[in-house]
Structure formats: C-alpha cells, structure tokens
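Trainee: Please find structure_16.pdb (PDB, C-alpha atoms) on the next line:
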ATOM      1  CA  MET A   1      90.574 -42.324   3.603
ATOM      2  CA  LEU A   2      93.574 -44.604   3.935
ATOM      3  CA  ASP A   3      95.525 -42.455   1.465
ATOM      4  CA  ALA A   4      94.773 -39.382   3.590
ATOM      5  CA  LEU A   5      96.053 -41.156   6.699
ATOM      6  CA  LYS A   6      99.268 -42.085   4.903
ATOM      7  CA  ALA A   7      99.719 -38.465   3.805
ATOM      8  CA  LEU A   8      99.322 -37.256   7.396
ATOM      9  CA  ASN A   9     101.854 -39.766   8.635
ATOM     10  CA  ALA A  10     104.283 -38.661   5.948
ATOM     11  CA  MET A  11     103.949 -35.072   7.211
ATOM     12  CA  GLY A  12     104.612 -36.173  10.784
ATOM     13  CA  ILE A  13     101.083 -35.335  11.967
ATOM     14  CA  HIS A  14      99.792 -37.633  14.701
ATOM     15  CA  LEU A  15      96.067 -38.441  14.569
ATOM     16  CA  GLU A  16      94.293 -39.334  17.819
ATOM     17  CA  ASN A  17      91.043 -41.150  16.986
ATOM     18  CA  ALA A  18      89.767 -43.324  19.831
ATOM     19  CA  GLY A  19      86.388 -43.881  18.122
ATOM     20  CA  GLY A  20      87.646 -46.225  15.408
ATOM     21  CA  LEU A  21      87.190 -46.314  11.644
ATOM     22  CA  LEU A  22      83.466 -45.497  11.619
ATOM     23  CA  ASN A  23      84.143 -42.464  13.793
ATOM     24  CA  LEU A  24      86.841 -41.317  11.366
ATOM     25  CA  TYR A  25      84.425 -41.718   8.459
ATOM     26  CA  GLY A  26      81.846 -39.585  10.280
ATOM     27  CA  TRP A  27      84.477 -36.935  10.937
ATOM     28  CA  MET A  28      85.478 -36.807   7.264
ATOM     29  CA  LYS A  29      81.858 -36.750   6.132
ATOM     30  CA  ASP A  30      81.253 -33.634   8.232
ATOM     31  CA  ASN A  31      84.434 -32.019   6.837
ATOM     32  CA  GLU A  32      83.682 -32.442   3.128
ATOM     33  CA  SER A  33      85.812 -35.617   2.879
ATOM     34  CA  HIS A  34      88.863 -33.993   4.510
ATOM     35  CA  ILE A  35      90.596 -35.371   7.590
ATOM     36  CA  VAL A  36      92.107 -31.986   8.395
ATOM     37  CA  PRO A  37      89.581 -29.111   8.588
ATOM     38  CA  HIS A  38      91.913 -26.578   6.986
ATOM     39  CA  ALA A  39      89.729 -23.508   7.476
ATOM     40  CA  GLN A  40      89.425 -24.120  11.232
ATOM     41  CA  LEU A  41      93.106 -24.672  12.026
ATOM     42  CA  ASP A  42      95.544 -22.164  13.436
ATOM     43  CA  GLU A  43      98.446 -21.102  11.285
ATOM     44  CA  ASP A  44     100.886 -22.783  13.668
ATOM     45  CA  PHE A  45      99.056 -26.160  13.557
ATOM     46  CA  VAL A  46     102.100 -27.683  11.884
ATOM     47  CA  SER A  47     105.270 -26.878  13.805
ATOM     48  CA  LYS A  48     108.447 -25.614  12.195
ATOM     49  CA  THR A  49     109.876 -29.119  12.415
ATOM     50  CA  GLY A  50     106.928 -30.444  10.399
ATOM     51  CA  GLY A  51     105.049 -32.239  13.199
ATOM     52  CA  GLY A  52     101.479 -31.785  14.360
ATOM     53  CA  PHE A  53      98.761 -33.326  16.552
ATOM     54  CA  LEU A  54      95.057 -33.674  15.747
ATOM     55  CA  THR A  55      92.425 -35.112  18.078
ATOM     56  CA  ILE A  56      89.112 -36.260  16.592
ATOM     57  CA  PRO A  57      86.010 -36.170  18.854
ATOM     58  CA  THR A  58      84.698 -39.621  19.772
ATOM     59  CA  ASN A  59      81.056 -38.851  18.882
ATOM     60  CA  CYS A  60      81.465 -38.282  15.136
ATOM     61  CA  ASN A  61      79.722 -41.583  14.367
ATOM     62  CA  LEU A  62      76.433 -40.661  16.072
ATOM     63  CA  GLY A  63      74.832 -39.259  12.924
ATOM     64  CA  ILE A  64      75.824 -42.316  10.879
ATOM     65  CA  ARG A  65      74.538 -44.716  13.525
ATOM     66  CA  HIS A  66      71.244 -42.822  13.724
ATOM     67  CA  GLN A  67      70.776 -42.948   9.944
ATOM     68  CA  ALA A  68      71.561 -46.673   9.921
ATOM     69  CA  TYR A  69      69.055 -47.288  12.720
ATOM     70  CA  LEU A  70      66.271 -45.449  10.891
ATOM     71  CA  ALA A  71      67.088 -47.261   7.652
ATOM     72  CA  THR A  72      67.068 -50.679   9.340
ATOM     73  CA  ASP A  73      64.137 -50.235  11.757
ATOM     74  CA  ILE A  74      64.013 -53.828  13.053
ATOM     75  CA  ARG A  75      60.623 -54.786  14.514
ATOM     76  CA  VAL A  76      58.662 -57.829  15.677
ATOM     77  CA  ILE A  77      55.261 -58.590  14.150
ATOM     78  CA  ALA A  78      52.777 -61.461  13.966
ATOM     79  CA  ARG A  79      52.459 -63.339  10.676
ATOM     80  CA  PRO A  80      49.020 -64.273   9.272
ATOM     81  CA  ASN A  81      49.433 -67.798  10.715
ATOM     82  CA  GLY A  82      50.036 -66.388  14.217
ATOM     83  CA  SER A  83      53.797 -67.026  14.363
ATOM     84  CA  ILE A  84      56.211 -64.229  15.207
ATOM     85  CA  ALA A  85      58.535 -62.636  12.641
ATOM     86  CA  ARG A  86      61.487 -60.289  12.964
ATOM     87  CA  ILE A  87      61.335 -57.756  10.142
ATOM     88  CA  ARG A  88      63.482 -54.904   8.844
ATOM     89  CA  ARG A  89      63.071 -52.319   6.115
ATOM     90  CA  ALA A  90      63.447 -53.741   2.623
ATOM     91  CA  GLN A  91      65.070 -50.526   1.356
ATOM     92  CA  GLY A  92      67.410 -48.415   3.481
ATOM     93  CA  THR A  93      67.119 -45.374   1.184
ATOM     94  CA  PRO A  94      64.217 -43.796  -0.729
ATOM     95  CA  ARG A  95      63.567 -45.246  -4.154
ATOM     96  CA  TYR A  96      64.203 -43.266  -7.314
ATOM     97  CA  GLY A  97      61.725 -40.420  -7.652
ATOM     98  CA  SER A  98      60.677 -40.550  -3.987
ATOM     99  CA  ASN A  99      61.753 -38.759  -0.821
ATOM    100  CA  GLU A 100      60.183 -41.301   1.529
ATOM    101  CA  LEU A 101      61.365 -44.705   2.720
ATOM    102  CA  SER A 102      59.358 -47.666   1.510
ATOM    103  CA  SER A 103      56.846 -49.175   3.949
ATOM    104  CA  PHE A 104      57.914 -52.671   2.869
ATOM    105  CA  TYR A 105      59.716 -54.820   5.453
ATOM    106  CA  VAL A 106      61.552 -58.113   4.912
ATOM    107  CA  ASP A 107      60.875 -61.195   7.045
ATOM    108  CA  LEU A 108      64.390 -61.894   8.386
ATOM    109  CA  ASN A 109      63.628 -65.470   9.411
ATOM    110  CA  ALA A 110      62.355 -66.229   5.914
ATOM    111  CA  VAL A 111      65.484 -64.714   4.333
ATOM    112  CA  ALA A 112      67.622 -67.218   6.245
ATOM    113  CA  GLU A 113      65.616 -69.980   4.535
ATOM    114  CA  ARG A 114      65.811 -68.216   1.140
ATOM    115  CA  VAL A 115      62.086 -67.530   1.178
ATOM    116  CA  TYR A 116      61.163 -64.125  -0.258
ATOM    117  CA  ARG A 117      58.465 -62.960   2.144
ATOM    118  CA  SER A 118      57.777 -59.309   2.911
ATOM    119  CA  VAL A 119      55.114 -57.207   4.588
ATOM    120  CA  TYR A 120      53.780 -53.758   3.752
ATOM    121  CA  LEU A 121      52.882 -51.812   6.892
ATOM    122  CA  GLY A 122      50.004 -49.561   5.917
ATOM    123  CA  LEU A 123      47.952 -47.137   7.959
ATOM    124  CA  ASN A 124      44.856 -49.329   7.760
ATOM    125  CA  GLY A 125      46.319 -52.831   7.726
ATOM    126  CA  THR A 126      49.275 -55.093   7.051
ATOM    127  CA  TYR A 127      49.805 -56.688   3.660
ATOM    128  CA  TRP A 128      51.982 -59.805   3.375
ATOM    129  CA  ILE A 129      53.370 -61.158   0.129
ATOM    130  CA  GLU A 130      55.524 -64.205  -0.582
ATOM    131  CA  VAL A 131      57.251 -64.856  -3.894
ATOM    132  CA  ASN A 132      57.894 -68.479  -4.879
ATOM    133  CA  SER A 133      60.034 -69.601  -7.815
ATOM    134  CA  ARG A 134      61.846 -72.721  -8.935
ATOM    135  CA  PRO A 135      64.659 -73.696  -6.505
ATOM    136  CA  SER A 136      66.705 -74.666  -9.561
ATOM    137  CA  LEU A 137      66.877 -71.011 -10.668
ATOM    138  CA  GLU A 138      70.013 -69.073  -9.843
ATOM    139  CA  HIS A 139      69.801 -67.122  -6.603
ATOM    140  CA  GLY A 140      70.231 -63.830  -8.460
ATOM    141  CA  VAL A 141      67.325 -64.604 -10.794
ATOM    142  CA  ARG A 142      65.042 -65.537  -7.902
ATOM    143  CA  TYR A 143      65.965 -62.271  -6.194
ATOM    144  CA  GLU A 144      65.182 -60.222  -9.329
ATOM    145  CA  LEU A 145      61.798 -61.929  -9.654
ATOM    146  CA  SER A 146      60.985 -61.090  -6.033
ATOM    147  CA  MET A 147      62.009 -57.452  -6.477
ATOM    148  CA  MET A 148      59.841 -57.213  -9.595
ATOM    149  CA  VAL A 149      56.851 -58.401  -7.574
ATOM    150  CA  LEU A 150      57.596 -56.064  -4.669
ATOM    151  CA  ASN A 151      57.657 -53.054  -7.003
ATOM    152  CA  TRP A 152      54.204 -53.983  -8.230
ATOM    153  CA  ALA A 153      52.892 -54.962  -4.800
ATOM    154  CA  GLU A 154      53.946 -51.697  -3.169
ATOM    155  CA  ALA A 155      51.885 -49.705  -5.658
ATOM    156  CA  ALA A 156      48.915 -52.062  -5.250
ATOM    157  CA  PHE A 157      49.018 -52.187  -1.439
ATOM    158  CA  LYS A 158      49.454 -48.432  -1.202
ATOM    159  CA  TYR A 159      46.367 -48.006  -3.381
ATOM    160  CA  PHE A 160      44.296 -50.431  -1.259
ATOM    161  CA  ASP A 161      45.456 -48.964   2.028
ATOM    162  CA  LYS A 162      44.964 -45.320   1.083
ATOM    163  CA  ARG A 163      41.357 -46.005   0.097
ATOM    164  CA  ASN A 164      40.833 -48.443   2.966
ATOM    165  CA  LEU A 165      39.472 -51.009   0.507
ATOM    166  CA  MET A 166      40.149 -53.816   2.969
ATOM    167  CA  ALA A 167      37.940 -52.405   5.715
ATOM    168  CA  GLY A 168      37.385 -55.008   8.419
ATOM    169  CA  ALA A 169      40.423 -57.083   7.471
ATOM    170  CA  THR A 170      43.383 -57.026   9.821
ATOM    171  CA  GLN A 171      45.825 -58.686   7.415
ATOM    172  CA  VAL A 172      46.075 -59.441   3.720
ATOM    173  CA  SER A 173      48.226 -62.345   2.540
ATOM    174  CA  CYS A 174      49.303 -62.953  -1.061
ATOM    175  CA  THR A 175      51.486 -65.589  -2.687
ATOM    176  CA  VAL A 176      52.949 -65.165  -6.164
ATOM    177  CA  SER A 177      54.479 -68.223  -7.842
ATOM    178  CA  PHE A 178      56.734 -68.166 -10.891
ATOM    179  CA  HIS A 179      57.067 -71.304 -12.986
ATOM    180  CA  VAL A 180      59.555 -69.816 -15.433
ATOM    181  CA  ARG A 181      63.001 -71.329 -15.925
ATOM    182  CA  SER A 182      64.709 -67.992 -16.633
ATOM    183  CA  LEU A 183      64.257 -64.278 -15.946
ATOM    184  CA  PRO A 184      61.540 -62.796 -18.233
ATOM    185  CA  ASP A 185      62.637 -60.017 -20.598
ATOM    186  CA  ALA A 186      60.991 -57.437 -22.839
ATOM    187  CA  SER A 187      61.136 -59.698 -25.897
ATOM    188  CA  GLU A 188      58.526 -62.058 -24.475
ATOM    189  CA  PRO A 189      54.769 -61.502 -25.019
ATOM    190  CA  ILE A 190      52.808 -59.691 -22.309
ATOM    191  CA  THR A 191      51.128 -62.137 -19.935
ATOM    192  CA  ALA A 192      47.334 -62.209 -20.160
ATOM    193  CA  ALA A 193      45.265 -61.104 -17.162
ATOM    194  CA  GLU A 194      43.835 -64.592 -16.628
ATOM    195  CA  ASP A 195      47.339 -66.053 -16.549
ATOM    196  CA  ILE A 196      48.434 -63.504 -13.948
ATOM    197  CA  THR A 197      45.373 -64.376 -11.852
ATOM    198  CA  SER A 198      46.344 -68.051 -11.887
ATOM    199  CA  PHE A 199      49.692 -67.170 -10.316
ATOM    200  CA  ILE A 200      48.142 -65.597  -7.223
ATOM    201  CA  ASP A 201      46.671 -67.290  -4.168
ATOM    202  CA  TYR A 202      44.764 -64.495  -2.419
ATOM    203  CA  GLN A 203      43.442 -64.683   1.152
ATOM    204  CA  VAL A 204      41.977 -62.080   3.494
ATOM    205  CA  ASN A 205      42.051 -62.898   7.216
ATOM    206  CA  GLN A 206      39.178 -61.284   9.105
TER     207      GLN A 206
END
Would you mind giving the structure from this file in structure tokens?

Mentor:
Amino acid sequence: MLDALKALNAMGIHLENAGGLLNLYGWMKDNESHIVPHAQLDEDFVSKTGGGFLTIPTNCNLGIRHQAYLATDIRVIARPNGSIARIRRAQGTPRYGSNELSSFYVDLNAVAERVYRSVYLGLNGTYWIEVNSRPSLEHGVRYELSMMVLNWAEAAFKYFDKRNLMAGATQVSCTVSFHVRSLPDASEPITAAEDITSFIDYQVNQ
C-alpha cells in the first residue's frame, strides 16, 4: 500500500483521502488491491503534464468495521458465581473446515489476570470452562494448553447442547488443571480415562 502511494506521488497524482489509513485499505480491498481503479477512469485522468487528482470516498471502511464488529461481538454475561464478565468471541474467523464462527467467548477480565476462562453460548445453556496450569510454564505453553482444551470442549459442549443433555441446568462450569512442566507431544503415552477424570472438577448449577 505504501509502495503504491509512493508510485502515485512519483507520477504527480494527488490522492485525497480524508478517511485515513483504514479507509484507504477498504478502498483498495474493493478494487482488487489497486489504489487506482483503472477500468473506471477516463482516458484523460492523467493530464498531459503528468498530473492527476483522485478523491477516495470517506465510507470505504464501513465494510471492514462491520466485519470487525461481528468478529468481536463484545457482550456482558453473568458468571456461575454471580459476578459480571465482559466477553468477546474467542475466534474472529471460522475454524478450518467450518463456515461458522465459534460460539466460544473469552472472559476479558480473566485474560487481564492471565486466567484462561471461556464460555460456550449454546442454544440450551451456557458452558463455562477454565484451564489452569503451572504459573512457571512459559506463557506460550500455557496458551497452547488452553487452546487444546477449548478444541475438545467445543465439540463436547456442542454435543451436550444439541441434545439438551443438561435439561434443567442454567449453567455448566468446568475446570481443567494441567500439572505438566512442558507441552505434551505425540511421543508421550495416551492418558488413561481415569487420569483425565482426575483433572476435571465438574459442577452443574441448577
């Protein structure tokens, strides 16, 4: 984008863009990454002396802002303990193999405290999950562990919610704790079912 602006300046073409950088990006996105929409310009756009003038509409960023709003979707919701949480979508784009945005939302207040707590907003209930790991682990490792759990939890919560298996419960709250000192890999033995059960503190609030 900056290279294209330099090229226009070198040609003596003045660009009028009152909407700022995001507006310019929206304009280029709608013009197949071109600043100058060549097919729509008159033949005399560039004068014989080499100068020109191009005005970009100020509303080119509306589509981008709308997409960002839908991807963020900030809301306010009550936690299982009755406190209030500000949440936003965990994923701004559909996951691989899906055309739909995930129904998982991140607890923004918990993120500030480096607590990995998220909530799945289903049609028949809300499903909270918190991932705990050793504070001594690197931040990147703790994040990967939380994402691993969320991938599993989304499939599980979607299954429960679709079949309304938690009928009568308004909220489901789960806590998964990792006691490992490093990120697990494929070379390690598969964890037994009873060991997985010991990791999970499961509560249903009626």

Trainee: Give me the residues near A:Pro80 as a list of chain:residue names, where near means some atom within 9 Å (using all atoms listed in the file) and where sequence neighbours in that chain fewer than 4 positions away do not count.

Mentor: A:Trp128, A:Gln171, A:Val172, A:Ser173, A:Asn205

Trainee: Select, counting all atoms listed in the file, all protein, DNA and RNA residues no farther than 7 Å from (60.2, -56.2, 4.5) in file coordinates, and express the selection as number ranges by chain.

Mentor: A: 87-90, 104-107, 118-120

Trainee: Take atom CA of A:Tyr25 and atom CA of A:Ile64 and report the distance between them in Å, one decimal.

Mentor: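 Separation between atom CA of A:Tyr25 and atom CA of A:Ile64: 9.0 Å.
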
Trainee: Counting all atoms listed in the file, which residues sit no farther than 8 Å from the position (55.5, -64.5, -4.8) in the file's frame? I'd like them as a PyMOL selection string.

Mentor: chain A and resi 116-117+129-133+146+149+174-178+200

Trainee: What would the file look like if the residues just selected were written as a compact mmCIF listing (two decimals), in the coordinates of the input with C-alpha atoms?

Mentor:
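Writing the result to selection13.txt gives the following:
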# COMPACT_ATOMS: atom_id res chain seq x y z
CA TYR A 116 61.16 -64.12 -0.26
CA ARG A 117 58.46 -62.96 2.14
CA ILE A 129 53.37 -61.16 0.13
CA GLU A 130 55.52 -64.20 -0.58
CA VAL A 131 57.25 -64.86 -3.89
CA ASN A 132 57.89 -68.48 -4.88
CA SER A 133 60.03 -69.60 -7.82
CA SER A 146 60.98 -61.09 -6.03
CA VAL A 149 56.85 -58.40 -7.57
CA CYS A 174 49.30 -62.95 -1.06
CA THR A 175 51.49 -65.59 -2.69
CA VAL A 176 52.95 -65.17 -6.16
CA SER A 177 54.48 -68.22 -7.84
CA PHE A 178 56.73 -68.17 -10.89
CA ILE A 200 48.14 -65.60 -7.22

Trainee: Could you list the residues chosen by the PyMOL selection byres ((chain A and resi 5-22) around 6) in this structure as a list in words?

Mentor: Leu2, Asp3, Ala4, Asn23, Leu24, Tyr25, Gly51, Gly52, Phe53, Leu54, Thr55, Ile56 and Thr58 of chain A

Trainee: Evaluating the PyMOL selection byres ((chain A and resi 161) around 10) on the displayed file yields which residues, as a list in words?

Mentor: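 After applying the PyMOL selection byres ((chain A and resi 161) around 10), what remains is Tyr120, Leu121, Gly122, Leu123, Asn124, Gly125, Thr126, Tyr127, Ala156, Phe157, Lys158, Tyr159, Phe160, Lys162, Arg163, Asn164, Leu165, Met166 and Ala167 of chain A.
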